[in-house]
Amino acid sequence: MTHLIKTVMSYPPGHVPSGWDAPEGYVPEGSIEDYDLAFAEDAPVVGQQFEAYGQRWAIARVQTYQPLNQYETALEAFHVALCTLDSSTPAREPWHDGSAPIMVVHAASGGELIANEVGEPNWELVEREEWISPAEGMVIERLQHFELVVERASGDYSQVVVVWSVIAVALDNEAHQTAA
Amino acid sequence: MKHWRGAVALTISSALVTGPAVQVRANPTAVPAVAVCVASVGCVVTVVAIAGVTYWVLSNNGQELRIPVLSYTPTPDQQLEDWEDYVWADNEQQARRKCNLLAEQYTNQGGSLVTVVRVRRASQRGSRWACTFRG
């Protein structure tokens, strides 16, 4: 079974990491967060440590979202692994209006994450499920929904939706083959 | 279930739909895959509503694909459109808050409601975020 993990690396308040893309003189209002998204064989565990961006991170908290519907990719769960440099639990900002958005992840039906225009995994925050649209050049095949199994904490999502898609041109080819 | 062959507005009458029939106002040719299907022999486009979400259903050669209909119902004199703008933010919560502040500014300037549709990070590793607005 496969897990999908969003790793949130929370820097100390006010700290701007090296190599960070921001206007000159940018002063953070709160804690800068770095994000990574990846499939993994195992669920993340609090206390696990890893290297990223020249820093040693520790998983301080894990929030797990369970699937509401099964799909042939056998994606067992979606996790948010909150990480800090000193193992302390980060105080994440709450959603400003009290209502959490939907975390949407775009994945190919073959089992890979779809990259966005800057080469990073394509994820976004969407306000309503009917506003989910396919990634560029893709056609949505299925939506897989995940919800928290524990009480929602600050910064958690209302739900997570994995958008499984296929390349639009594949459908185009099929249509032409049928026509021929 | 209605089969699509060229009309512009569809009334969903599928058994999957509960309650009154739903009017979908969306141009199928604006969605490339749907347009391809409409133009193809053997490919059938239908519309269904499942759990409150309306989908184009493309059926071809025994395979079925569902695409959410990005439907909204503009009033006859108000055509809604989407556009993107950018904010600088430390994290996703802050980015969404700043996108909503921009939406409020657009609303106040234009006199009609502007809402945030989605928020995504627009830099590989940095504080630039893209907000998609609808109004």
# chains A, B, ... in the order shown; residues from 1 in each chain; ligands from 1

$ interface_residues --of "chain A" --to "chain B" --cutoff "8 Å" --atoms "only C-alpha atoms" --output "mmCIF file with C-alpha atoms, in the first residue's frame"
data_model
loop_
_atom_site.group_PDB
_atom_site.id
_atom_site.type_symbol
_atom_site.label_atom_id
_atom_site.label_comp_id
_atom_site.auth_asym_id
_atom_site.auth_seq_id
_atom_site.Cartn_x
_atom_site.Cartn_y
_atom_site.Cartn_z
ATOM 1 C CA GLY A 19 18.108 30.327 -1.560
ATOM 2 C CA TRP A 20 14.582 31.489 -0.798
ATOM 3 C CA ASP A 21 12.811 33.300 -3.660
ATOM 4 C CA ALA A 22 11.448 36.529 -2.207
ATOM 5 C CA PRO A 28 8.464 37.319 7.109
ATOM 6 C CA GLU A 29 5.324 38.040 9.100
ATOM 7 C CA GLY A 30 5.390 34.546 10.579
ATOM 8 C CA SER A 31 7.058 31.221 9.922
ATOM 9 C CA ILE A 32 8.223 30.468 6.397
ATOM 10 C CA GLU A 33 7.237 26.981 5.305
ATOM 11 C CA ASP A 34 8.869 24.779 2.698
ATOM 12 C CA GLU A 93 -1.276 29.831 11.398
ATOM 13 C CA PRO A 94 -5.039 29.227 11.434
ATOM 14 C CA TRP A 95 -7.099 29.750 8.276
ATOM 15 C CA HIS A 96 -8.062 33.406 8.419
ATOM 16 C CA VAL A 118 8.052 25.200 -12.128
ATOM 17 C CA GLY A 119 8.676 21.459 -11.953
ATOM 18 C CA GLU A 120 7.240 20.958 -8.475
ATOM 19 C CA TRP A 123 -0.942 20.868 -5.530
ATOM 20 C CA GLU A 124 -3.270 23.748 -4.705
ATOM 21 C CA LEU A 125 -5.838 24.987 -2.229
ATOM 22 C CA VAL A 126 -9.334 25.075 -3.715
ATOM 23 C CA GLU A 127 -12.366 26.626 -2.064
ATOM 24 C CA ARG A 128 -15.089 24.346 -3.464
ATOM 25 C CA GLU A 129 -14.904 20.859 -4.941
ATOM 26 C CA GLU A 130 -16.782 21.875 -8.091
ATOM 27 C CA TRP A 131 -14.002 24.378 -8.754
ATOM 28 C CA ILE A 132 -11.387 21.653 -9.135
ATOM 29 C CA SER A 133 -10.090 21.695 -12.680
ATOM 30 C CA PRO A 134 -7.692 19.325 -14.438
ATOM 31 C CA VAL A 139 -8.304 14.841 -18.278
ATOM 32 C CA ILE A 140 -9.663 13.908 -14.873
ATOM 33 C CA GLU A 141 -10.397 10.217 -14.508
ATOM 34 C CA ARG A 142 -11.314 9.938 -10.825
ATOM 35 C CA GLY A 155 -3.903 24.753 9.419
ATOM 36 C CA ALA A 168 -5.762 14.390 -22.833
ATOM 37 C CA LEU A 171 -8.260 10.193 -25.350
ATOM 38 C CA ASP A 172 -7.801 12.089 -28.598
ATOM 39 C CA GLU A 174 -8.467 6.661 -28.927
ATOM 40 C CA ALA A 175 -11.239 8.709 -30.473
ATOM 41 C CA HIS A 176 -9.467 8.811 -33.812
ATOM 42 C CA THR A 178 -12.401 4.385 -33.106
ATOM 43 C CA ALA A 179 -13.385 6.712 -35.922
#

$ residues_around --residues "Phe50 of chain A" --least-positions-apart "6" --cutoff "12 Å" --atoms "only C-alpha atoms" --output "list in words"
Thr7, Met9, Pro44, Arg56, Trp57, Ala58, Ile59, Ala81, Cys83, Thr84, Leu85 and Ser87 of chain A

$ write_last_selection --atoms "C-alpha atoms" --output "compact mmCIF listing (two decimals), in the first residue's frame"
# COMPACT_ATOMS: atom_id res chain seq x y z
CA THR A 7 6.05 17.39 4.23
CA MET A 9 9.13 22.20 6.92
CA PRO A 44 5.69 9.12 8.44
CA ARG A 56 18.34 18.49 9.50
CA TRP A 57 14.60 18.24 10.07
CA ALA A 58 12.58 16.25 12.58
CA ILE A 59 8.93 15.24 12.17
CA ALA A 81 4.21 15.62 8.28
CA CYS A 83 8.67 19.27 10.66
CA THR A 84 10.91 21.66 12.55
CA LEU A 85 14.63 22.03 13.09
CA SER A 87 11.68 18.83 17.03

$ residues_around --residues "segment 97-112 of chain A" --least-positions-apart "6" --cutoff "7 Å" --atoms "only C-alpha atoms" --output "list in words"
Thr73, Asn122, Trp123, Glu124, Leu125, Val126, Glu127, Ala135, Asp156, Tyr157, Ser158, Gln159, Val160, Val161, Val162, Val163, Trp164, Ser165 and Val166 of chain A

$ write_last_selection --atoms "N, CA and C atoms" --output "PDB file, in the first residue's frame"
ATOM      1  N   THR A  73      -5.407   2.553  -7.328  1.00  0.00           N
ATOM      2  CA  THR A  73      -4.018   2.893  -6.998  1.00  0.00           C
ATOM      3  C   THR A  73      -3.648   2.424  -5.596  1.00  0.00           C
ATOM      4  N   ASN A 122       2.274  19.245  -8.391  1.00  0.00           N
ATOM      5  CA  ASN A 122       1.162  20.153  -8.619  1.00  0.00           C
ATOM      6  C   ASN A 122       0.094  19.976  -7.533  1.00  0.00           C
ATOM      7  N   TRP A 123       0.116  20.866  -6.551  1.00  0.00           N
ATOM      8  CA  TRP A 123      -0.942  20.868  -5.530  1.00  0.00           C
ATOM      9  C   TRP A 123      -1.449  22.298  -5.358  1.00  0.00           C
ATOM     10  N   GLU A 124      -2.661  22.423  -4.854  1.00  0.00           N
ATOM     11  CA  GLU A 124      -3.270  23.748  -4.705  1.00  0.00           C
ATOM     12  C   GLU A 124      -4.348  23.697  -3.642  1.00  0.00           C
ATOM     13  N   LEU A 125      -4.734  24.857  -3.178  1.00  0.00           N
ATOM     14  CA  LEU A 125      -5.838  24.987  -2.229  1.00  0.00           C
ATOM     15  C   LEU A 125      -7.049  25.474  -2.999  1.00  0.00           C
ATOM     16  N   VAL A 126      -8.137  24.733  -2.945  1.00  0.00           N
ATOM     17  CA  VAL A 126      -9.334  25.075  -3.715  1.00  0.00           C
ATOM     18  C   VAL A 126     -10.485  25.279  -2.729  1.00  0.00           C
ATOM     19  N   GLU A 127     -11.307  26.268  -3.014  1.00  0.00           N
ATOM     20  CA  GLU A 127     -12.366  26.626  -2.064  1.00  0.00           C
ATOM     21  C   GLU A 127     -13.565  25.692  -2.124  1.00  0.00           C
ATOM     22  N   ALA A 135      -5.288  19.403 -14.373  1.00  0.00           N
ATOM     23  CA  ALA A 135      -3.987  19.992 -14.673  1.00  0.00           C
ATOM     24  C   ALA A 135      -3.893  20.175 -16.188  1.00  0.00           C
ATOM     25  N   ASP A 156      -5.116  22.628   9.320  1.00  0.00           N
ATOM     26  CA  ASP A 156      -5.557  21.407   8.625  1.00  0.00           C
ATOM     27  C   ASP A 156      -6.566  21.753   7.537  1.00  0.00           C
ATOM     28  N   TYR A 157      -6.744  20.811   6.609  1.00  0.00           N
ATOM     29  CA  TYR A 157      -7.644  21.031   5.472  1.00  0.00           C
ATOM     30  C   TYR A 157      -9.037  20.476   5.773  1.00  0.00           C
ATOM     31  N   SER A 158     -10.046  21.010   5.077  1.00  0.00           N
ATOM     32  CA  SER A 158     -11.398  20.468   5.256  1.00  0.00           C
ATOM     33  C   SER A 158     -11.442  19.044   4.722  1.00  0.00           C
ATOM     34  N   GLN A 159     -10.750  18.818   3.617  1.00  0.00           N
ATOM     35  CA  GLN A 159     -10.540  17.479   3.089  1.00  0.00           C
ATOM     36  C   GLN A 159      -9.403  17.540   2.067  1.00  0.00           C
ATOM     37  N   VAL A 160      -8.935  16.380   1.694  1.00  0.00           N
ATOM     38  CA  VAL A 160      -7.897  16.279   0.665  1.00  0.00           C
ATOM     39  C   VAL A 160      -8.501  15.528  -0.510  1.00  0.00           C
ATOM     40  N   VAL A 161      -8.277  16.051  -1.711  1.00  0.00           N
ATOM     41  CA  VAL A 161      -8.770  15.382  -2.917  1.00  0.00           C
ATOM     42  C   VAL A 161      -7.588  15.097  -3.832  1.00  0.00           C
ATOM     43  N   VAL A 162      -7.384  13.839  -4.136  1.00  0.00           N
ATOM     44  CA  VAL A 162      -6.364  13.475  -5.123  1.00  0.00           C
ATOM     45  C   VAL A 162      -7.068  13.338  -6.474  1.00  0.00           C
ATOM     46  N   VAL A 163      -6.619  14.127  -7.423  1.00  0.00           N
ATOM     47  CA  VAL A 163      -7.216  14.149  -8.759  1.00  0.00           C
ATOM     48  C   VAL A 163      -6.394  13.235  -9.656  1.00  0.00           C
ATOM     49  N   TRP A 164      -6.927  12.064  -9.942  1.00  0.00           N
ATOM     50  CA  TRP A 164      -6.238  11.101 -10.819  1.00  0.00           C
ATOM     51  C   TRP A 164      -6.613  11.423 -12.259  1.00  0.00           C
ATOM     52  N   SER A 165      -5.605  11.654 -13.095  1.00  0.00           N
ATOM     53  CA  SER A 165      -5.867  12.121 -14.460  1.00  0.00           C
ATOM     54  C   SER A 165      -5.079  11.306 -15.479  1.00  0.00           C
ATOM     55  N   VAL A 166      -5.526  11.412 -16.716  1.00  0.00           N
ATOM     56  CA  VAL A 166      -4.789  10.835 -17.847  1.00  0.00           C
ATOM     57  C   VAL A 166      -4.498  11.957 -18.834  1.00  0.00           C
TER      58      VAL A 166
END

$ atom_distance --atom1 "atom CA of Val46 of chain A" --atom2 "atom CA of Ala115 of chain A"
27.8 Å

$ atom_distance --atom1 "atom CA of Glu41 of chain A" --atom2 "atom CA of Ala60 of chain A"
19.7 Å

$ atom_distance --atom1 "atom CA of Glu104 of chain B" --atom2 "atom CA of Phe133 of chain B"
10.7 Å

$ closest_residue --among "A:Leu82, A:Ile5, A:Val169, A:Leu113" --to "Ser154 of chain A" --atoms "only C-alpha atoms"
A:Leu82

$ select_by_dssp --residues "segment 55-116 of chain B" --states "strand (DSSP E or B)" --output "list in words"
Tyr55, Trp56, Val57, Leu58, Ser59, Asn60, Gln63, Glu64, Leu65, Arg66, Ile67, Pro68, Asp82, Trp83, Glu84, Asp85, Tyr86, Val87, Trp88, Thr115 and Val116 of chain B
